[in-house]
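So this one's final10.txt, compact mmCIF, C-alpha atoms:
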```
# COMPACT_ATOMS: atom_id res chain seq x y z
CA MET S 12 -19.65 -4.27 7.84
CA LYS S 13 -23.13 -5.54 8.69
CA THR S 14 -24.60 -5.66 12.18
CA ALA S 15 -26.83 -8.41 13.56
CA GLU S 16 -29.80 -6.09 12.97
CA GLY S 17 -28.91 -5.76 9.28
CA GLU S 18 -27.49 -2.23 9.49
CA LEU S 19 -24.60 -1.48 7.15
CA VAL S 20 -21.70 0.35 8.80
CA ASP S 21 -18.82 2.16 7.14
CA ILE S 22 -15.98 3.40 9.35
CA GLU S 23 -13.69 6.10 7.97
CA ILE S 24 -10.54 7.41 9.66
CA GLN S 25 -9.32 10.75 8.34
CA ILE S 26 -6.33 12.81 9.46
CA ARG S 27 -6.79 15.88 7.22
CA ASN S 28 -9.81 17.99 6.35
CA THR S 29 -9.77 17.83 2.58
CA ASP S 30 -12.23 17.91 -0.30
CA ASN S 31 -15.28 19.19 1.63
CA TYR S 32 -15.42 16.32 4.09
CA ARG S 33 -19.05 16.87 5.10
CA LYS S 34 -20.25 16.25 1.55
CA ARG S 35 -17.74 13.46 1.17
CA SER S 36 -19.17 11.54 4.13
CA LEU S 37 -22.71 12.10 2.85
CA TYR S 38 -21.60 10.73 -0.52
CA TYR S 39 -20.17 7.63 1.17
CA TRP S 40 -23.52 7.10 2.85
CA SER S 41 -25.51 7.58 -0.38
CA ALA S 42 -23.30 5.15 -2.31
CA MET S 43 -23.61 2.50 0.39
CA TYR S 44 -27.39 2.99 0.56
CA ALA S 45 -27.96 2.92 -3.22
CA GLU S 46 -25.81 -0.16 -3.84
CA GLN S 47 -28.06 -2.38 -1.72
CA ILE S 48 -30.63 -2.99 -4.44
CA VAL S 49 -30.71 -3.19 -8.22
CA ALA S 50 -33.45 -2.30 -10.71
CA GLY S 51 -36.62 -4.27 -10.06
CA GLU S 52 -35.97 -4.94 -6.38
CA SER S 53 -38.19 -3.52 -3.65
CA TYR S 54 -37.25 -0.48 -1.59
CA PHE S 55 -38.28 -2.54 1.42
CA GLU S 56 -34.97 -4.35 0.94
CA LEU S 57 -33.04 -1.20 1.90
CA ASN S 58 -31.34 -1.42 5.30
CA PRO S 59 -30.20 1.51 7.44
CA CYS S 60 -26.69 2.72 6.66
CA ILE S 61 -24.38 4.24 9.25
CA VAL S 62 -21.20 6.14 8.43
CA ILE S 63 -18.79 6.66 11.33
CA ASN S 64 -16.07 9.24 10.73
CA ILE S 65 -13.14 9.26 13.15
CA LEU S 66 -11.34 12.55 12.59
CA ASP S 67 -7.99 13.86 13.73
CA PHE S 68 -9.14 17.43 13.09
CA ASN S 69 -12.08 19.64 14.05
CA LEU S 70 -14.83 19.53 11.44
CA ILE S 71 -18.01 20.49 13.30
CA ARG S 72 -17.28 24.01 14.50
CA GLU S 73 -20.91 24.68 15.46
CA ASN S 74 -20.44 22.83 18.76
CA GLU S 75 -17.70 21.65 21.12
CA HIS S 76 -18.89 18.06 21.48
CA TYR S 77 -16.48 15.39 20.32
CA HIS S 78 -19.39 13.24 19.09
CA SER S 79 -21.92 14.67 16.64
CA VAL S 80 -24.71 12.60 15.05
CA PHE S 81 -26.82 13.58 12.04
CA ASP S 82 -30.01 12.04 10.65
CA ILE S 83 -33.11 13.14 8.66
CA ARG S 84 -35.77 14.97 10.68
CA GLU S 85 -38.76 17.23 10.11
CA ARG S 86 -37.68 20.79 10.88
CA ARG S 87 -40.50 21.97 13.16
CA CYS S 88 -41.54 18.85 15.02
CA GLY S 89 -38.22 17.03 14.96
CA PHE S 90 -39.50 13.55 14.08
CA GLN S 91 -37.47 11.30 11.80
CA LEU S 92 -38.44 10.77 8.18
CA VAL S 93 -36.76 7.36 8.23
CA GLY S 94 -34.07 5.94 10.43
CA ASP S 95 -31.96 4.81 7.50
CA LEU S 96 -29.47 7.68 7.52
CA GLU S 97 -27.03 8.09 10.37
CA ILE S 98 -23.70 9.91 10.11
CA HIS S 99 -21.37 10.15 13.10
CA TYR S 100 -18.39 12.46 13.50
CA LEU S 101 -15.95 11.57 16.27
CA GLU S 102 -13.42 14.39 16.58
CA LEU S 103 -10.37 13.23 18.52
CA ASN S 104 -9.03 16.72 19.13
CA LYS S 105 -12.16 17.65 21.07
CA LEU S 106 -11.57 14.94 23.65
CA SER S 107 -10.76 16.67 26.91
CA GLY S 108 -7.60 15.59 28.69
CA HIS S 109 -8.04 12.53 30.88
CA PRO S 110 -5.28 12.02 33.47
CA ASP S 111 -6.80 8.64 34.37
CA ALA S 112 -9.59 6.32 33.26
CA THR S 113 -12.06 7.44 35.92
CA GLY S 114 -15.50 8.12 34.49
CA LEU S 115 -14.63 7.23 30.91
CA THR S 116 -17.41 5.85 28.73
CA THR S 117 -16.73 2.86 26.50
CA LEU S 118 -16.71 5.15 23.46
CA GLU S 119 -14.18 7.46 25.12
CA GLU S 120 -11.99 4.49 25.98
CA TRP S 121 -11.93 3.45 22.33
CA LEU S 122 -11.21 6.95 21.09
CA ILE S 123 -8.35 7.42 23.56
CA PHE S 124 -6.95 4.05 22.49
CA ILE S 125 -7.16 5.04 18.81
CA LYS S 126 -5.57 8.40 19.49
CA ASP S 127 -2.88 7.50 22.04
CA ALA S 128 -2.10 3.78 21.71
CA ALA S 129 1.39 4.63 20.42
CA ASN S 130 1.93 7.57 22.80
CA THR S 131 4.46 6.49 25.43
CA GLU S 132 3.37 9.34 27.71
CA LYS S 133 -0.14 7.86 27.83
CA ARG S 134 1.02 4.28 28.36
CA GLU S 135 -0.29 4.06 31.92
CA LEU S 136 -3.72 5.30 30.87
CA ILE S 137 -3.83 2.84 27.96
CA GLU S 138 -2.88 -0.04 30.27
CA THR S 139 -5.69 0.91 32.66
CA ILE S 140 -8.17 1.04 29.80
CA LYS S 141 -7.04 -2.38 28.59
CA LYS S 142 -7.66 -3.86 32.03
CA ARG S 143 -11.16 -2.40 32.05
CA ASN S 144 -12.00 -3.28 28.45
CA GLU S 145 -10.91 -6.74 27.30
CA VAL S 146 -11.97 -6.03 23.71
CA ILE S 147 -9.51 -3.13 23.53
CA ALA S 148 -6.83 -5.38 25.05
CA MET S 149 -7.54 -7.91 22.30
CA ALA S 150 -7.43 -5.16 19.68
CA GLU S 151 -3.96 -4.11 20.84
CA LYS S 152 -2.72 -7.70 20.57
CA ILE S 153 -4.07 -7.93 17.03
CA LEU S 154 -2.47 -4.58 16.20
CA ALA S 155 0.87 -5.71 17.64
CA ARG S 156 0.70 -8.99 15.71
CA ALA S 157 -0.18 -7.17 12.50
CA SER S 158 2.76 -4.80 13.02
CA ALA S 159 5.09 -7.75 13.68
CA ASP S 160 3.78 -9.53 10.58
CA GLU S 161 4.36 -6.38 8.57
CA PHE S 162 7.94 -6.21 9.85
CA ALA S 163 8.43 -9.90 9.06
CA ARG S 164 7.04 -9.39 5.56
CA ALA S 165 9.37 -6.45 5.00
CA ALA S 166 12.36 -8.50 6.20
CA TYR S 167 11.32 -11.41 3.98
CA GLN S 168 10.94 -9.14 0.97
CA GLN S 169 14.39 -7.68 1.64
CA ARG S 170 15.96 -11.15 1.88
CA ARG S 171 14.13 -12.28 -1.24
CA LYS S 172 15.28 -9.18 -3.12
CA TRP S 173 18.88 -9.84 -2.04
CA TYR S 174 18.62 -13.48 -3.16
CA LEU S 175 17.06 -12.61 -6.51
CA ASP S 176 19.65 -9.90 -7.10
CA ARG S 177 22.43 -12.38 -6.33
CA VAL S 178 20.98 -15.10 -8.55
CA SER S 179 20.33 -12.58 -11.29
CA GLY S 180 23.90 -11.31 -10.99
CA GLU S 181 25.32 -14.82 -11.16
CA LYS S 182 23.21 -15.66 -14.19
CA TYR S 183 24.30 -12.44 -15.85
CA LEU S 184 27.98 -13.25 -15.25
CA ILE S 185 27.50 -16.79 -16.55
CA LYS S 186 25.68 -15.49 -19.61
CA GLN S 187 28.38 -12.92 -20.21
CA GLY S 188 31.05 -15.61 -19.85
CA ILE S 189 29.30 -17.90 -22.30
CA GLU S 190 28.79 -15.10 -24.79
CA GLN S 191 32.40 -14.00 -24.43
CA GLY S 192 33.59 -17.58 -24.87
CA ILE S 193 31.51 -18.02 -27.99
CA LYS S 194 32.77 -14.72 -29.34
CA GLN S 195 36.37 -15.67 -28.65
CA GLY S 196 35.82 -19.08 -30.22
CA ILE S 197 34.38 -17.49 -33.33
CA GLU S 198 37.23 -15.03 -33.48
CA GLN S 199 39.84 -17.75 -33.01
CA GLY S 200 38.16 -20.00 -35.55
CA GLY S 201 37.95 -17.14 -38.01
CA LYS S 202 41.61 -16.35 -37.44
CA ILE S 203 42.67 -19.92 -38.15
CA LYS S 204 40.54 -19.99 -41.26
CA ALA S 205 41.96 -16.65 -42.44
CA LEU S 206 45.52 -17.92 -41.94
CA ASP S 207 44.72 -21.07 -43.88
CA ILE S 208 43.27 -19.08 -46.79
CA ALA S 209 46.21 -16.68 -46.72
CA GLY S 210 48.64 -19.60 -46.92
CA LYS S 211 46.89 -20.94 -50.00
CA MET S 212 46.84 -17.50 -51.61
CA LEU S 213 50.57 -17.14 -50.98
CA SER S 214 51.19 -20.40 -52.79
CA LEU S 215 49.24 -18.98 -55.72
CA SER S 216 51.43 -15.85 -55.78
CA PHE S 217 48.78 -13.34 -54.64
CA THR S 218 50.13 -10.01 -53.43
CA ASP S 219 50.11 -9.07 -49.74
CA GLU S 220 47.52 -6.38 -50.43
CA GLN S 221 45.20 -8.86 -52.17
CA ILE S 222 45.57 -11.36 -49.33
CA SER S 223 44.90 -8.67 -46.70
CA LEU S 224 41.74 -7.50 -48.45
CA SER S 225 40.48 -11.08 -48.79
CA THR S 226 41.27 -12.35 -45.28
CA GLY S 227 41.41 -9.28 -43.08
CA LEU S 228 44.92 -10.15 -41.94
CA SER S 229 47.44 -7.39 -41.38
CA GLU S 230 50.50 -6.97 -43.58
CA GLU S 231 52.69 -7.99 -40.62
CA GLU S 232 50.76 -11.25 -40.23
CA ILE S 233 51.07 -11.97 -43.96
CA ALA S 234 54.80 -11.17 -43.85
CA ALA S 235 55.20 -13.64 -40.97
CA LEU S 236 53.44 -16.30 -43.06
CA ARG S 237 55.88 -15.74 -45.96
CA LYS S 238 58.77 -16.50 -43.62
CA GLU S 239 57.33 -19.85 -42.51
```
Target format structure tokens, applied to this file:
Amino acid sequence: MKTAEGELVDIEIQIRNTDNYRKRSLYYWSAMYAEQIVAGESYFELNPCIVINILDFNLIRENEHYHSVFDIRERRCGFQLVGDLEIHYLELNKLSGHPDATGLTTLEEWLIFIKDAANTEKRELIETIKKRNEVIAMAEKILARASADEFARAAYQQRRKWYLDRVSGEKYLIKQGIEQGIKQGIEQGGKIKALDIAGKMLSLSFTDEQISLSTGLSEEEIAALRKE
């Protein structure tokens, strides 16, 4: 995402602390920063990059603040080298309990919405926040619509699967019927031909054994032909 000022912003939401997340977020920043230019382009083209990590676990154990921000500064005097690196950690579990929306900052409103939008016990608080913040109210509508669309897609996929399974089953039965019919036709045609050959061999005084070997007919079938 790119802001009006040209800053590039990457927002990550993570529920588990895995794979050295501090280095991982720094890597995300470095990749985003490096991909802005290619060989031959000027470093002046590089825009500030901001990585925002919304975490459902405690990562920064050196302080109790729910919002920690890191950049590049000179150690003794504290001035910035450049303002191009900015990494935020928003730790949801460090948010203190809020029985109501009194005194909440806009950032806190968003974090509570992210954390508790589906929590029925916090429904009253969420409703109050929505009344105060129309952007959050809009976000919930979009979220609800996306969830409904997802449900509709799942239902459509299920219906489509049922239809395809039914059509496939019908085609399979038809195919099997055709194949069986052809097989039976071949067998019946072969039988008629075998009987015809056997009749001719009988007229030429071939033995039953010779006729059976030549036509595949059983001795009983040949005996029945002799009686005709």
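Once Arg134 of chain S and its same-chain neighbours fewer than 5 positions away are set aside, Pro110, Asp111, Ala112, Ile123, Phe124, Lys126, Asp127, Ala128, Ala129, Thr139, Ile140 and Lys141 of chain S remain within 12 Å of it when counting all atoms listed in the file.
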- So which one's closest to Ile65 of chain S, S:Ile233, S:Val80, S:Ile153, S:Ile26? Using only C-alpha atoms, please.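 Looking only at the distances to Ile65 of chain S, the closest residue turns out to be S:Ile26.
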Contacts between segment 39-46 of chain S and segment 65-126 of chain S, please, where a residue of segment 65-126 of chain S counts if it comes within 12 Å (with all atoms listed in the file); show its shortest atom pair and distance in Å to one decimal, rows by chain and ascending number, as a Markdown table.
```
| residue | atom | partner | partner_atom | distance |
| --- | --- | --- | --- | --- |
| S:Phe81 | CA | S:Trp40 | CA | 11.7 |
| S:Asp82 | CA | S:Trp40 | CA | 11.3 |
| S:Asp95 | CA | S:Tyr44 | CA | 8.5 |
| S:Leu96 | CA | S:Trp40 | CA | 7.6 |
| S:Glu97 | CA | S:Trp40 | CA | 8.4 |
| S:Ile98 | CA | S:Trp40 | CA | 7.8 |
| S:His99 | CA | S:Trp40 | CA | 10.9 |
```
Residues as selected, C-alpha atoms, written as a compact mmCIF listing (two decimals), keeping the file's coordinate frame, can you do that?
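Okay, again_38.txt is ready:
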```
# COMPACT_ATOMS: atom_id res chain seq x y z
CA PHE S 81 -26.82 13.58 12.04
CA ASP S 82 -30.01 12.04 10.65
CA ASP S 95 -31.96 4.81 7.50
CA LEU S 96 -29.47 7.68 7.52
CA GLU S 97 -27.03 8.09 10.37
CA ILE S 98 -23.70 9.91 10.11
CA HIS S 99 -21.37 10.15 13.10
```
Residues near Leu101 of chain S, cut-off 12 Å, all atoms listed in the file, skip fewer than 2 positions along chain, as a VMD selection string: chain S and resid 22 to 26 62 to 71 75 to 81 98 to 99 103 to 106 118 to 119 121 to 123 125 to 126
Practice item. Calculate how many Å separate atom CA of Ala209 of chain S from atom CA of Leu236 of chain S, rounding to one decimal. Key: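 Computing the Euclidean distance for atom CA of Ala209 of chain S and atom CA of Leu236 of chain S yields 8.1 Å.
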Polymer residues at most 12 Å from Ile208 of chain S, all atoms listed in the file, same-chain spacing of 6 or more positions, as a PDB file with C-alpha atoms, in the frame of the given file:
```
ATOM      1  CA  GLY S 201      37.950 -17.140 -38.010  1.00  0.00           C
ATOM      2  CA  LYS S 202      41.610 -16.350 -37.440  1.00  0.00           C
ATOM      3  CA  SER S 214      51.190 -20.400 -52.790  1.00  0.00           C
ATOM      4  CA  LEU S 215      49.240 -18.980 -55.720  1.00  0.00           C
ATOM      5  CA  PHE S 217      48.780 -13.340 -54.640  1.00  0.00           C
ATOM      6  CA  GLN S 221      45.200  -8.860 -52.170  1.00  0.00           C
ATOM      7  CA  ILE S 222      45.570 -11.360 -49.330  1.00  0.00           C
ATOM      8  CA  SER S 223      44.900  -8.670 -46.700  1.00  0.00           C
ATOM      9  CA  LEU S 224      41.740  -7.500 -48.450  1.00  0.00           C
ATOM     10  CA  SER S 225      40.480 -11.080 -48.790  1.00  0.00           C
ATOM     11  CA  THR S 226      41.270 -12.350 -45.280  1.00  0.00           C
ATOM     12  CA  GLY S 227      41.410  -9.280 -43.080  1.00  0.00           C
ATOM     13  CA  LEU S 228      44.920 -10.150 -41.940  1.00  0.00           C
ATOM     14  CA  ILE S 233      51.070 -11.970 -43.960  1.00  0.00           C
ATOM     15  CA  LEU S 236      53.440 -16.300 -43.060  1.00  0.00           C
TER      16      LEU S 236
END
```
Q: Counting all atoms listed in the file, figure out which residue out of S:His109, S:Met212, S:Glu151, S:Leu115 gets nearest to Lys133 of chain S.
A: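 Answer, going by the shortest atom-to-atom distance: S:His109.
Atom CA of Tyr32 of chain S is positioned 27.7 Å from atom CA of Ala150 of chain S.
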* Asked: Please, what distance in Å, to one decimal, runs between atom CA of Arg35 of chain S and atom CA of Tyr54 of chain S?
  ->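 Calculated distance between atom CA of Arg35 of chain S and atom CA of Tyr54 of chain S is 24.1 Å.
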Note to self: Is it possible to get the residues within 10 Å of (-33.9, 6.9, 8.2) (coordinates as in the file, counting all atoms listed in the file) written as JSON, numbers by chain?
What the structure shows: {"S": [58, 59, 60, 61, 82, 83, 84, 91, 92, 93, 94, 95, 96, 97]}
>> My list of candidates is S:Glu16, S:Leu57, S:Glu232, S:Arg237. Which is closest to Lys211 of chain S when distances are computed with only C-alpha atoms?
In response: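 So, comparing all the options, the nearest one is S:Arg237.
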